[in-house]
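data28.txt follows (compact mmCIF, C-alpha atoms):
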# COMPACT_ATOMS: atom_id res chain seq x y z
CA MET D 1 51.88 175.24 75.33
CA GLY D 2 51.70 171.60 74.25
CA ARG D 3 53.54 168.57 75.54
CA SER D 4 57.32 168.39 75.79
CA TYR D 5 59.32 165.53 74.33
CA LEU D 6 62.81 164.78 75.59
CA VAL D 7 64.58 162.86 72.85
CA GLU D 8 67.74 160.76 72.89
CA GLU D 9 70.37 162.77 71.01
CA SER D 10 71.36 159.87 68.75
CA ILE D 11 67.84 159.90 67.26
CA GLY D 12 68.52 163.30 65.71
CA GLN D 13 71.49 161.92 63.81
CA TYR D 14 69.52 158.81 62.84
CA LEU D 15 66.81 160.93 61.23
CA LEU D 16 69.33 163.09 59.38
CA ASN D 17 70.97 160.01 57.83
CA PHE D 18 67.96 159.38 55.59
CA ASN D 19 68.81 161.17 52.38
CA ASN D 20 67.70 158.97 49.50
CA PRO D 21 66.95 161.04 46.38
CA GLU D 22 65.08 158.07 44.87
CA LYS D 23 62.43 158.16 47.58
CA ALA D 24 60.14 161.08 48.19
CA PHE D 25 59.54 160.06 51.78
CA VAL D 26 60.57 157.67 54.58
CA SER D 27 58.34 156.89 57.55
CA GLY D 28 58.90 155.10 60.82
CA LEU D 29 58.07 154.72 64.50
CA LEU D 30 59.00 156.69 67.61
CA ILE D 31 59.40 154.58 70.76
CA GLY D 32 59.53 155.77 74.33
CA GLN D 33 57.63 156.40 77.54
CA CYS D 34 54.84 158.72 78.64
CA SER D 35 54.69 160.53 81.95
CA SER D 36 52.39 163.17 83.38
CA GLN D 37 55.06 165.87 83.08
CA LYS D 38 56.73 165.06 79.77
CA ASP D 39 57.38 162.21 77.35
CA TYR D 40 60.66 160.47 76.59
CA VAL D 41 61.70 159.21 73.15
CA VAL D 42 64.52 156.65 73.37
CA LEU D 43 64.39 155.03 69.94
CA ALA D 44 63.35 155.66 66.34
CA THR D 45 63.15 153.06 63.60
CA ARG D 46 62.17 153.36 59.97
CA THR D 47 59.47 151.13 58.50
CA PRO D 48 61.26 148.66 56.20
CA PRO D 49 60.28 148.50 52.51
CA ARG D 50 58.01 145.68 51.44
CA GLU D 51 59.77 142.74 49.85
CA ASP D 52 57.23 142.60 47.04
CA GLN D 53 57.98 146.18 46.00
CA ASN D 54 60.21 146.28 42.95
CA GLU D 55 62.70 149.01 42.28
CA ASP D 56 60.40 150.79 39.82
CA THR D 57 57.64 150.98 42.42
CA ARG D 58 60.01 152.36 45.05
CA SER D 59 61.44 154.95 42.72
CA SER D 60 58.01 156.11 41.59
CA GLN D 61 56.81 156.95 45.08
CA SER D 62 56.11 160.62 44.80
CA LYS D 63 52.82 161.09 46.61
CA LEU D 64 51.86 160.46 50.20
CA ASP D 65 48.88 158.54 48.84
CA ASP D 66 51.39 155.75 48.27
CA LEU D 67 52.02 155.50 52.02
CA ASP D 68 51.23 151.86 52.80
CA GLU D 69 49.05 152.04 55.90
CA GLU D 70 48.62 148.28 56.19
CA TRP D 71 52.37 147.65 56.02
CA ALA D 72 53.10 150.39 58.56
CA THR D 73 50.61 148.98 61.07
CA THR D 74 52.01 145.47 60.58
CA HIS D 75 55.48 146.82 61.36
CA ALA D 76 54.15 148.62 64.44
CA ASN D 77 52.54 145.42 65.73
CA GLN D 78 55.79 143.49 65.32
CA VAL D 79 57.83 146.20 67.03
CA SER D 80 55.39 146.47 69.96
CA ARG D 81 56.15 142.83 70.83
CA MET D 82 59.81 143.76 71.21
CA LEU D 83 59.15 146.42 73.83
CA PRO D 84 59.38 145.61 77.55
CA GLY D 85 57.04 147.14 80.11
CA GLY D 86 57.16 150.92 80.21
CA LEU D 87 57.96 151.36 76.53
CA LEU D 88 55.40 151.85 73.79
CA VAL D 89 55.02 153.24 70.28
CA LEU D 90 54.71 156.94 71.08
CA GLY D 91 54.11 158.08 67.54
CA ILE D 92 55.41 158.19 64.00
CA PHE D 93 57.87 160.24 61.98
CA ILE D 94 58.07 160.99 58.29
CA ILE D 95 60.89 162.53 56.27
CA THR D 96 59.77 164.10 53.00
CA THR D 97 60.97 166.29 50.19
CA PRO D 98 59.82 169.95 50.38
CA ASP D 99 57.14 169.52 47.72
CA LEU D 100 55.17 167.11 49.93
CA GLY D 101 55.02 169.42 52.93
CA LYS D 102 51.44 170.54 52.32
CA ASP D 103 49.93 167.05 52.42
CA VAL D 104 52.02 165.54 55.17
CA GLN D 105 49.89 166.38 58.22
CA ASN D 106 46.80 164.62 56.91
CA ALA D 107 48.86 161.53 56.07
CA LEU D 108 50.53 161.54 59.49
CA ARG D 109 47.24 161.88 61.31
CA ARG D 110 45.65 159.04 59.37
CA LEU D 111 48.64 156.76 59.92
CA LEU D 112 48.94 157.61 63.63
CA PHE D 113 45.36 156.61 64.41
CA ALA D 114 45.65 153.44 62.29
CA VAL D 115 48.81 152.34 64.14
CA GLU D 116 47.33 153.00 67.58
CA LYS D 117 44.09 151.19 66.73
CA SER D 118 45.96 148.16 65.44
CA ILE D 119 48.24 147.91 68.50
CA ALA D 120 45.40 148.47 70.99
CA LYS D 121 43.34 145.70 69.39
CA ARG D 122 45.99 143.10 70.35
CA ARG D 123 46.42 144.16 73.97
CA LEU D 124 44.87 142.60 77.06
CA TRP D 125 44.70 145.98 78.76
CA ASN D 126 43.16 149.36 78.01
CA LEU D 127 44.36 152.87 78.66
CA SER D 128 43.21 154.13 82.06
CA GLU D 129 41.84 157.56 82.79
CA ASN D 130 45.23 158.59 84.15
CA ASP D 131 47.15 157.44 81.07
CA VAL D 132 48.52 160.06 78.71
CA SER D 133 46.54 159.70 75.49
CA ASP D 134 48.52 162.14 73.36
CA ARG D 135 50.63 160.61 70.58
CA VAL D 136 53.23 162.44 68.56
CA THR D 137 53.87 163.00 64.87
CA LEU D 138 57.17 164.36 63.60
CA HIS D 139 57.74 165.78 60.12
CA VAL D 140 61.30 166.32 58.94
CA CYS D 141 62.10 168.13 55.68
CA SER D 142 64.88 166.25 53.89
CA SER D 143 66.19 169.46 52.33
CA THR D 144 66.05 172.08 55.08
CA LYS D 145 66.16 169.59 58.01
CA LYS D 146 63.40 171.62 59.63
CA ILE D 147 61.15 169.64 61.99
CA LEU D 148 57.50 170.06 62.84
CA CYS D 149 56.20 168.29 65.95
CA ARG D 150 52.48 167.83 66.60
CA THR D 151 50.35 165.70 68.94
CA TYR D 152 46.89 164.15 68.68
CA ASP D 153 44.60 162.78 71.37
CA ILE D 154 44.06 159.15 70.33
CA ARG D 155 40.94 158.93 72.51
CA ASP D 156 39.27 161.48 70.26
CA PRO D 157 39.09 160.51 66.57
CA LYS D 158 38.17 164.11 65.75
CA SER D 159 41.03 165.70 67.70
CA SER D 160 43.02 168.40 66.01
CA ALA D 161 46.80 168.81 65.97
CA LYS D 162 48.49 170.54 68.89
CA PRO D 163 52.03 171.97 68.86
CA ALA D 164 54.66 170.14 70.91
CA ASP D 165 58.21 170.84 72.02
CA TRP D 166 60.98 168.52 70.70
CA LYS D 167 64.28 168.68 72.65
CA TYR D 168 67.34 166.48 72.31
CA GLN D 169 69.25 165.25 75.36
CA ASN D 170 72.37 163.12 75.55
CA GLY D 171 72.22 159.97 77.71
CA LEU D 172 68.48 160.33 78.22
CA SER D 173 67.88 156.73 79.37
CA SER D 174 71.37 155.83 80.58
CA SER D 175 70.24 155.50 84.19
CA TRP D 176 66.61 154.41 83.99
CA LEU D 177 65.29 152.05 86.63
CA SER D 178 64.22 148.46 85.95
CA LEU D 179 61.76 146.17 87.70
CA ASP D 180 62.23 142.41 87.29
CA CYS D 181 60.04 139.51 88.30
CA LYS D 182 59.22 135.92 87.48
CA ILE D 183 55.63 134.85 87.84
CA HIS D 184 53.87 131.53 87.83
CA VAL D 185 51.03 131.16 85.37
CA ASN D 186 48.22 128.62 85.74
CA ILE D 187 45.31 129.53 83.50
CA HIS D 188 42.42 127.21 82.69
CA VAL D 189 40.16 128.20 79.79
CA PRO D 190 37.10 125.97 79.22
CA LEU D 191 35.89 125.84 75.63
CA SER D 192 32.12 125.75 75.65
CA THR D 193 30.23 124.12 72.81
CA THR D 194 29.07 127.57 71.67
CA THR D 195 32.69 128.74 71.18
CA ALA D 196 34.20 125.46 70.05
CA ASN D 197 34.17 126.57 66.43
CA TYR D 198 36.08 129.76 67.19
CA PRO D 199 39.79 129.81 66.32
CA LEU D 200 41.93 128.51 69.19
CA GLU D 201 43.67 131.89 69.29
CA LYS D 202 40.40 133.73 69.95
CA ASN D 203 39.32 131.30 72.66
CA THR D 204 42.71 131.56 74.34
CA LYS D 205 42.65 135.36 74.28
CA ASN D 206 39.19 135.37 75.86
CA GLY D 207 40.56 133.24 78.69
CA LEU D 208 43.61 135.47 79.07
CA ALA D 209 41.34 138.49 79.40
CA ARG D 210 39.80 136.96 82.53
CA TRP D 211 43.26 136.17 83.92
CA ALA D 212 44.34 139.75 83.19
CA LYS D 213 41.88 141.02 85.80
CA GLN D 214 43.65 138.87 88.37
CA ILE D 215 47.00 140.42 87.45
CA GLU D 216 45.53 143.92 87.55
CA GLY D 217 44.21 143.32 91.08
CA GLY D 218 47.39 141.75 92.44
CA VAL D 219 49.62 143.02 95.24
CA TYR D 220 53.15 143.95 94.13
CA LEU D 221 56.04 143.66 96.58
CA ILE D 222 58.98 145.85 95.58
CA ASN D 223 62.18 144.54 97.16
CA GLY D 224 59.95 142.68 99.61
CA GLN D 225 57.89 145.71 100.61
CA VAL D 226 54.43 147.02 99.82
CA LYS D 227 54.75 150.69 98.89
CA GLU D 228 52.06 153.33 98.69
CA GLU D 229 51.02 154.01 95.11
CA ASP D 230 51.58 157.75 95.25
CA CYS D 231 55.02 157.46 96.86
CA GLU D 232 58.14 157.98 94.80
CA LEU D 233 59.84 154.76 93.77
CA LEU D 234 63.18 156.08 94.98
CA GLU D 235 61.85 157.30 98.31
CA GLY D 236 64.27 156.46 101.10
CA GLN D 237 67.25 156.21 98.73
CA LYS D 238 70.53 157.82 99.72
CA LYS D 239 71.14 161.31 98.42
CA SER D 240 74.29 162.75 96.95
CA SER D 241 76.25 165.63 98.45
CA ARG D 242 74.21 168.01 96.26
CA GLY D 243 70.99 166.78 97.85
CA ASN D 244 69.75 164.88 94.83
CA THR D 245 68.76 161.24 94.92
CA GLN D 246 71.40 159.06 93.27
CA THR D 247 70.29 158.29 89.73
CA THR D 248 72.52 155.42 88.73
CA SER D 249 70.72 152.55 87.08
CA GLN D 250 68.98 150.31 89.63
CA THR D 251 67.04 147.08 89.48
CA PHE D 252 64.09 146.35 91.76
CA ASP D 253 63.00 142.80 92.53
CA VAL D 254 59.24 142.43 92.39
CA ARG D 255 56.98 139.64 93.61
CA VAL D 256 53.34 139.39 92.62
CA LEU D 257 50.62 138.10 94.93
CA THR D 258 47.12 137.45 93.62
CA GLN D 259 43.89 136.57 95.37
CA LEU D 260 42.75 132.97 95.39
CA LEU D 261 39.18 133.80 96.35
CA LEU D 262 36.79 136.62 95.63
CA ASN D 263 36.27 139.31 98.23
CA SER D 264 33.65 138.57 100.87
CA ASN D 265 31.28 141.08 99.28
CA HIS D 266 31.25 139.08 96.06
CA ARG D 267 28.95 136.11 95.82
CA SER D 268 30.54 133.02 94.33
CA THR D 269 28.36 130.76 92.20
CA ALA D 270 29.07 127.52 90.40
CA THR D 271 28.20 127.13 86.74
CA VAL D 272 27.72 123.86 84.89
CA GLN D 273 28.83 124.25 81.31
CA VAL D 274 28.93 121.73 78.48
CA CYS D 275 32.43 121.95 77.04
CA SER D 276 34.09 120.44 74.03
CA GLY D 277 37.59 121.19 75.27
CA SER D 278 39.83 123.37 77.37
CA VAL D 279 43.04 125.33 77.23
CA ASN D 280 45.55 125.26 80.06
CA LEU D 281 48.55 127.58 80.36
CA LYS D 282 51.08 126.62 82.99
CA GLY D 283 54.57 127.63 84.06
CA SER D 284 56.64 130.73 84.86
CA VAL D 285 57.75 133.67 82.74
CA THR D 286 60.38 136.39 83.06
CA CYS D 287 58.97 139.92 83.09
CA ARG D 288 60.74 143.27 83.00
CA ALA D 289 59.75 146.93 82.96
CA TYR D 290 61.64 150.22 82.80
CA ILE D 291 60.78 153.59 84.28
CA HIS D 292 62.42 157.01 83.92
CA ASN D 293 64.46 158.30 86.86
CA ASN D 294 62.78 161.70 87.17
CA LYS D 295 60.97 161.14 90.48
CA PRO D 296 58.95 158.15 89.23
CA LYS D 297 55.85 157.14 91.16
CA VAL D 298 55.34 153.62 92.51
CA LYS D 299 51.99 153.34 90.71
CA ASP D 300 53.60 154.12 87.34
CA ALA D 301 56.35 151.55 87.85
CA VAL D 302 53.90 148.85 88.94
CA GLN D 303 51.58 149.61 86.03
CA ALA D 304 54.47 149.22 83.59
CA LEU D 305 55.31 145.81 85.05
CA LYS D 306 51.67 144.68 85.04
CA ARG D 307 51.42 145.44 81.36
CA ASP D 308 54.62 143.60 80.60
CA ILE D 309 53.25 140.50 82.36
CA LEU D 310 50.09 140.66 80.25
CA ASN D 311 51.96 141.44 77.04
CA THR D 312 54.58 138.72 77.26
CA VAL D 313 52.10 135.90 77.92
CA SER D 314 49.71 137.13 75.24
CA ASP D 315 52.49 137.69 72.69
CA ARG D 316 53.92 134.21 73.14
CA CYS D 317 50.55 132.63 72.48
CA GLU D 318 50.04 134.86 69.46
CA ILE D 319 53.48 134.05 68.04
CA LEU D 320 52.84 130.33 68.43
CA PHE D 321 49.51 130.45 66.59
CA GLU D 322 51.12 132.45 63.78
CA ASP D 323 53.91 129.90 63.54
CA LEU D 324 51.41 127.04 63.39
CA LEU D 325 49.55 128.75 60.55
CA MET D 326 52.72 129.49 58.60
CA ASN D 327 54.08 125.97 59.04
CA GLU D 328 50.78 124.16 58.82
CA THR D 329 51.14 120.39 59.11
CA PRO D 330 48.57 117.70 58.34
CA SER D 331 45.84 117.72 60.98
CA LYS D 332 45.96 115.16 63.72
CA LYS D 333 43.12 112.72 63.86
CA ASP D 334 40.52 113.11 66.55
CA SER D 335 41.68 111.76 69.90
CA GLU D 336 45.34 112.47 69.12
CA LYS D 337 47.54 114.95 70.94
CA GLU D 338 50.45 117.08 69.89
CA PHE D 339 53.22 119.02 71.59
CA HIS D 340 54.79 122.24 70.33
CA VAL D 341 57.65 124.18 71.88
CA LEU D 342 56.77 127.83 72.45
CA PRO D 343 59.20 130.75 72.20
CA HIS D 344 61.29 131.98 75.12
CA ARG D 345 62.36 135.55 75.78
CA ILE D 346 65.66 137.20 74.86
CA PHE D 347 66.74 140.70 75.90
CA VAL D 348 69.05 142.99 73.93
CA PRO D 349 70.54 146.30 75.18
CA ILE D 350 70.14 149.68 73.50
CA PRO D 351 73.67 151.19 73.15
CA GLY D 352 74.25 153.98 75.64
CA SER D 353 71.09 153.13 77.58
CA SER D 354 70.16 151.03 80.60
CA VAL D 355 66.99 149.98 78.73
CA MET D 356 66.81 146.65 76.92
CA LEU D 357 64.55 145.52 74.10
CA CYS D 358 63.32 141.96 73.74
CA ASP D 359 62.40 139.30 71.22
CA TYR D 360 61.10 135.72 71.25
CA LYS D 361 62.97 132.68 69.97
CA PHE D 362 61.78 129.18 69.18
CA GLY D 363 64.12 126.34 70.04
CA ASP D 364 64.89 125.58 66.41
CA GLU D 365 65.64 129.21 65.51
CA SER D 366 69.25 130.30 65.22
CA THR D 367 70.69 133.39 66.87
CA ARG D 368 71.35 134.73 63.38
CA GLU D 369 67.60 134.84 62.79
CA ILE D 370 67.20 136.95 65.92
CA GLN D 371 69.92 139.30 64.68
CA GLU D 372 68.18 139.59 61.31
CA ASN D 373 64.90 140.29 63.07
CA PHE D 374 66.38 143.26 64.96
CA MET D 375 67.96 144.59 61.78
CA GLU D 376 64.74 144.34 59.81
CA LEU D 377 62.29 145.61 62.42
CA LEU D 378 64.41 148.00 64.50
CA ASP D 379 67.14 148.86 61.98
CA ARG D 380 69.98 148.03 64.34
CA HIS D 381 72.81 145.53 64.45
CA VAL D 382 72.91 143.19 67.43
CA GLY D 383 76.05 141.26 68.36
CA LEU D 384 75.91 137.68 69.60
CA ASP D 385 77.37 138.79 72.93
CA ASP D 386 74.49 141.24 73.36
CA LEU D 387 71.84 138.51 73.53
CA GLU D 388 70.62 137.86 77.08
CA ILE D 389 68.60 134.66 77.33
CA ALA D 390 66.03 135.29 80.03
CA GLU D 391 64.71 131.73 80.14
CA GLU D 392 66.59 128.50 79.51
CA ILE D 393 64.89 126.19 77.07
CA ASN D 394 65.28 122.66 75.74
CA THR D 395 64.98 122.61 71.97
CA ALA D 396 63.01 119.35 71.91
CA SER D 397 59.42 119.26 70.82
CA ILE D 398 57.34 116.12 71.34
CA ASN D 399 54.59 114.69 69.19
CA SER D 400 52.76 111.60 70.34
CA CYS D 401 49.57 109.75 69.47
CA MET D 402 47.16 108.22 71.94
CA LYS D 403 43.63 107.04 71.57
CA ARG D 404 41.16 108.34 74.10
CA GLU D 405 40.69 104.97 75.80
CA ASP D 406 44.44 104.66 76.25
CA ILE D 407 44.88 107.99 78.03
CA PRO D 408 45.51 107.43 81.75
CA ASP D 409 44.24 109.70 84.49
CA ASN D 410 47.71 111.08 85.09
CA THR D 411 47.85 112.53 81.57
CA TYR D 412 50.66 114.94 82.34
CA ASP D 413 52.98 112.18 83.55
CA ASP D 414 53.85 111.24 79.98
CA GLN D 415 55.61 114.58 79.54
CA PRO D 416 59.37 114.37 80.09
CA LYS D 417 60.41 116.00 83.33
CA HIS D 418 63.05 118.12 81.59
CA LEU D 419 60.36 119.49 79.26
CA ILE D 420 58.14 120.52 82.15
CA LYS D 421 61.00 122.20 83.96
CA THR D 422 62.78 123.98 81.13
CA THR D 423 60.45 124.64 78.25
CA MET D 424 57.37 126.41 77.14
CA ALA D 425 55.37 123.86 75.20
CA LEU D 426 51.93 123.47 73.72
CA ARG D 427 50.00 120.24 73.82
CA ILE D 428 46.89 119.95 71.72
CA GLN D 429 44.54 117.02 72.23
CA GLN D 430 41.27 116.61 70.39
CA ASN D 431 38.46 114.10 70.78
CA LEU D 432 34.97 113.64 69.36
CA GLY D 433 31.74 114.48 71.15
CA LEU D 434 32.14 115.50 74.78
CA ALA D 435 35.76 114.41 74.98
CA ILE D 436 38.30 117.06 75.85
CA ALA D 437 40.41 119.07 73.41
CA ALA D 438 43.26 120.45 75.46
CA ALA D 439 46.10 122.82 74.79
CA VAL D 440 48.71 123.02 77.53
CA ALA D 441 51.46 125.60 77.42
CA LEU D 442 54.34 125.13 79.83
CA LEU D 443 56.19 128.38 80.26
CA ALA D 444 59.56 127.34 81.73
CA ALA D 445 59.83 126.04 85.30
CA GLY D 446 56.98 126.83 87.65
CA PHE D 447 56.27 126.59 91.35
CA SER D 448 53.37 125.18 93.34
CA PHE D 449 52.82 128.22 95.55
CA HIS D 450 49.37 129.81 95.62
CA TYR D 451 50.87 133.19 94.82
CA PHE D 452 53.09 134.33 91.96
CA SER D 453 56.74 134.59 92.90
CA ASP D 454 60.21 133.61 91.83
In structure tokens, write the structure found in this file.
Amino acid sequence: MGRSYLVEESIGQYLLNFNNPEKAFVSGLLIGQCSSQKDYVVLATRTPPREDQNEDTRSSQSKLDDLDEEWATTHANQVSRMLPGGLLVLGIFIITTPDLGKDVQNALRRLLFAVEKSIAKRRLWNLSENDVSDRVTLHVCSSTKKILCRTYDIRDPKSSAKPADWKYQNGLSSSWLSLDCKIHVNIHVPLSTTTANYPLEKNTKNGLARWAKQIEGGVYLINGQVKEEDCELLEGQKKSSRGNTQTTSQTFDVRVLTQLLLNSNHRSTATVQVCSGSVNLKGSVTCRAYIHNNKPKVKDAVQALKRDILNTVSDRCEILFEDLLMNETPSKKDSEKEFHVLPHRIFVPIPGSSVMLCDYKFGDESTREIQENFMELLDRHVGLDDLEIAEEINTASINSCMKREDIPDNTYDDQPKHLIKTTMALRIQQNLGLAIAAAVALLAAGFSFHYFSD
């Protein structure tokens, strides 16, 4: 017997609503959480049509060869940014007319591996040996409504399809548990002369990869306590009269402590490196993860939060670089510096669930743009009252020019105090020769402790 998938009941109705005779097929993503026992699917969203497709092209889609793999993976990448810790793209679905049933499995398999490869390429973390590596494909016949559920092992490119069980359940994630924390980030990335010609995004990601090891090795205090990894997260909780642990939605406060020095068995050496610049990321970020309430383990909850910490910092940097490319402005002269406001995080609830999705908003973006983003990428309407701003932000961005000889030692003092305390900003400074090219990102208000905490 293959894996079992517990699915939010509303997803069944969502899939049945696609009945467009002009289209031979509709594909989309399945979002949820893996566990050792079973997997949970809490959301499904169709892949939106490309804007450059005209009506004739859409109507003529009659073969699965027309399935746009590049567009589907782009959609999956965008959606993965909107998922908090604990949630991931579990697989894909496709709804087809009966005549396409013979070819659908090959198309699903090809698309599934392409989506997973694209998402994994962006991450700062890799699947561990204990992670579930099965991903699901779901085929729904638009005429008979019959479903066929299969899984593939994404670690094995040659893996064959395995049958899986697909069961609907009402209120599946209505009482999931959440873990919240705010961490301080202070990352210094030197840019050596050998990597100076690399894109800033690539250099930054290389630096974040080193920081990620620090997060992975941190100590996580849950409600002020260190808990054994193999213990249940709800251990010690009060039980109901029936003997079951109360499963109402709960939030755990988490603090993250990281090592300042290497362990005594590691030898520390100093390296002199000729650098043409550096990147500095500073400030604090809001992180959140969700875990199912079916006897969750501490190690699974902590891992979900770790990955959210890594994802949210990496995603913000990535979004900024994309924005700079899309809104490219004339280059600053050498020895000039520039400030850019980075996006802050917004959470949005899933109706009937204790789980929230997220998005990132620049200071000059309107809430309507966020609403449109959710409609386009996740196919759901979001009310203004549903938006939860996780981090306050000042909408100001600062651009200033300074020649190298005019830059004082206390370079950061020229940044407005309100900007340092309330925004996430990028400062880029470039100089010729051995002068420093710096990018400083301030992620909301930080603290001067030597460990990460709120």
Item to check | atom CA of D:Asn130 to atom CA of D:Ile11, straight-line distance in Å | outcome: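 Taking atom CA of D:Ile11 and atom CA of D:Asn130, their separation equals 28.3 Å.
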Item to check | Counting only C-alpha atoms, the option among D:Ser284, D:Ser35, D:Ser118, D:Ser142 closest to D:Phe18 | outcome: D:Ser142
Next on the checklist: Using all atoms listed in the file, which protein or nucleic acid residues come within 9 Å of stretch 155-159 of chain D? Drop anything in the same chain fewer than 4 positions from it, and give the result as a PyMOL selection string.
Outcome noted: chain D and resi 113+133-134
Produce a file of the selected residues containing C-alpha atoms, as a tab-separated table (two decimals), keeping the file's coordinate frame.
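The resulting file, result23.tsv, is shown below:
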chain	number	residue	atom	x	y	z
D	113	PHE	CA	45.36	156.61	64.41
D	133	SER	CA	46.54	159.70	75.49
D	134	ASP	CA	48.52	162.14	73.36
Next on the checklist: Please compute the atom CA of D:Ala304-atom CA of D:Val41 distance, one decimal, in Å.
Outcome noted: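 Pair atom CA of D:Ala304 / atom CA of D:Val41 returns 16.2 Å.
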Checklist entry - Within 6 Å of stretch 94-110 of chain D, counting all atoms listed in the file, which residues qualify if same-chain residues fewer than 4 places away don't, as a list in words? => result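 Everything that qualifies: Ala24, Phe25, Val26, Ser27, His139, Val140, Cys141 and Ser142 of chain D.
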Written file, previous selection with C-alpha atoms, as a PDB file, keeping the file's coordinate frame:
ATOM      1  CA  ALA D  24      60.140 161.080  48.190  1.00  0.00           C
ATOM      2  CA  PHE D  25      59.540 160.060  51.780  1.00  0.00           C
ATOM      3  CA  VAL D  26      60.570 157.670  54.580  1.00  0.00           C
ATOM      4  CA  SER D  27      58.340 156.890  57.550  1.00  0.00           C
ATOM      5  CA  HIS D 139      57.740 165.780  60.120  1.00  0.00           C
ATOM      6  CA  VAL D 140      61.300 166.320  58.940  1.00  0.00           C
ATOM      7  CA  CYS D 141      62.100 168.130  55.680  1.00  0.00           C
ATOM      8  CA  SER D 142      64.880 166.250  53.890  1.00  0.00           C
TER       9      SER D 142
END
Checklist entry - stretch 204-218 of chain D: which residues within 6 Å, counting all atoms listed in the file, same-chain residues fewer than 4 positions away excluded, as a VMD selection string? => result chain D and resid 124 189 257 to 258
Next on the checklist: Calculated over all atoms listed in the file, which of the candidates D:Ser175, D:Thr248, D:Asn373, D:Thr194 has the smallest distance to D:His75?
Outcome noted: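 Among D:Ser175, D:Thr248, D:Asn373, D:Thr194, it is D:Asn373 that comes nearest to D:His75.
Of the residues under consideration (D:Leu90, D:Ile187, D:Val355, D:Leu148), D:Val355 shows the shortest atom-to-atom contact distance to D:Asn293 when counting all atoms listed in the file.
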Item to check | Between atom CA of D:Lys162 and atom CA of D:Gly2, distance in Å (one decimal) | outcome: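 Rounded to one decimal, the two atoms are 6.3 Å apart.
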Checklist entry - Using only C-alpha atoms, which of D:Lys361, D:Arg307, D:Lys145, D:Arg345 sits nearest D:Arg123? => result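 Ranked by minimum distance to D:Arg123, first place goes to D:Arg307.
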Please list as a CSV table (one decimal) with C-alpha atoms, in the frame of the given file every residue within 9 Å of D:His292, counting only C-alpha atoms and excluding residues in the same chain fewer than 6 positions away.
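Output saved as result_28.csv:
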chain,number,residue,atom,x,y,z
D,33,GLN,CA,57.6,156.4,77.5
D,35,SER,CA,54.7,160.5,82.0
D,40,TYR,CA,60.7,160.5,76.6
D,86,GLY,CA,57.2,150.9,80.2
D,172,LEU,CA,68.5,160.3,78.2
D,173,SER,CA,67.9,156.7,79.4
D,175,SER,CA,70.2,155.5,84.2
D,176,TRP,CA,66.6,154.4,84.0
D,177,LEU,CA,65.3,152.0,86.6
D,178,SER,CA,64.2,148.5,86.0
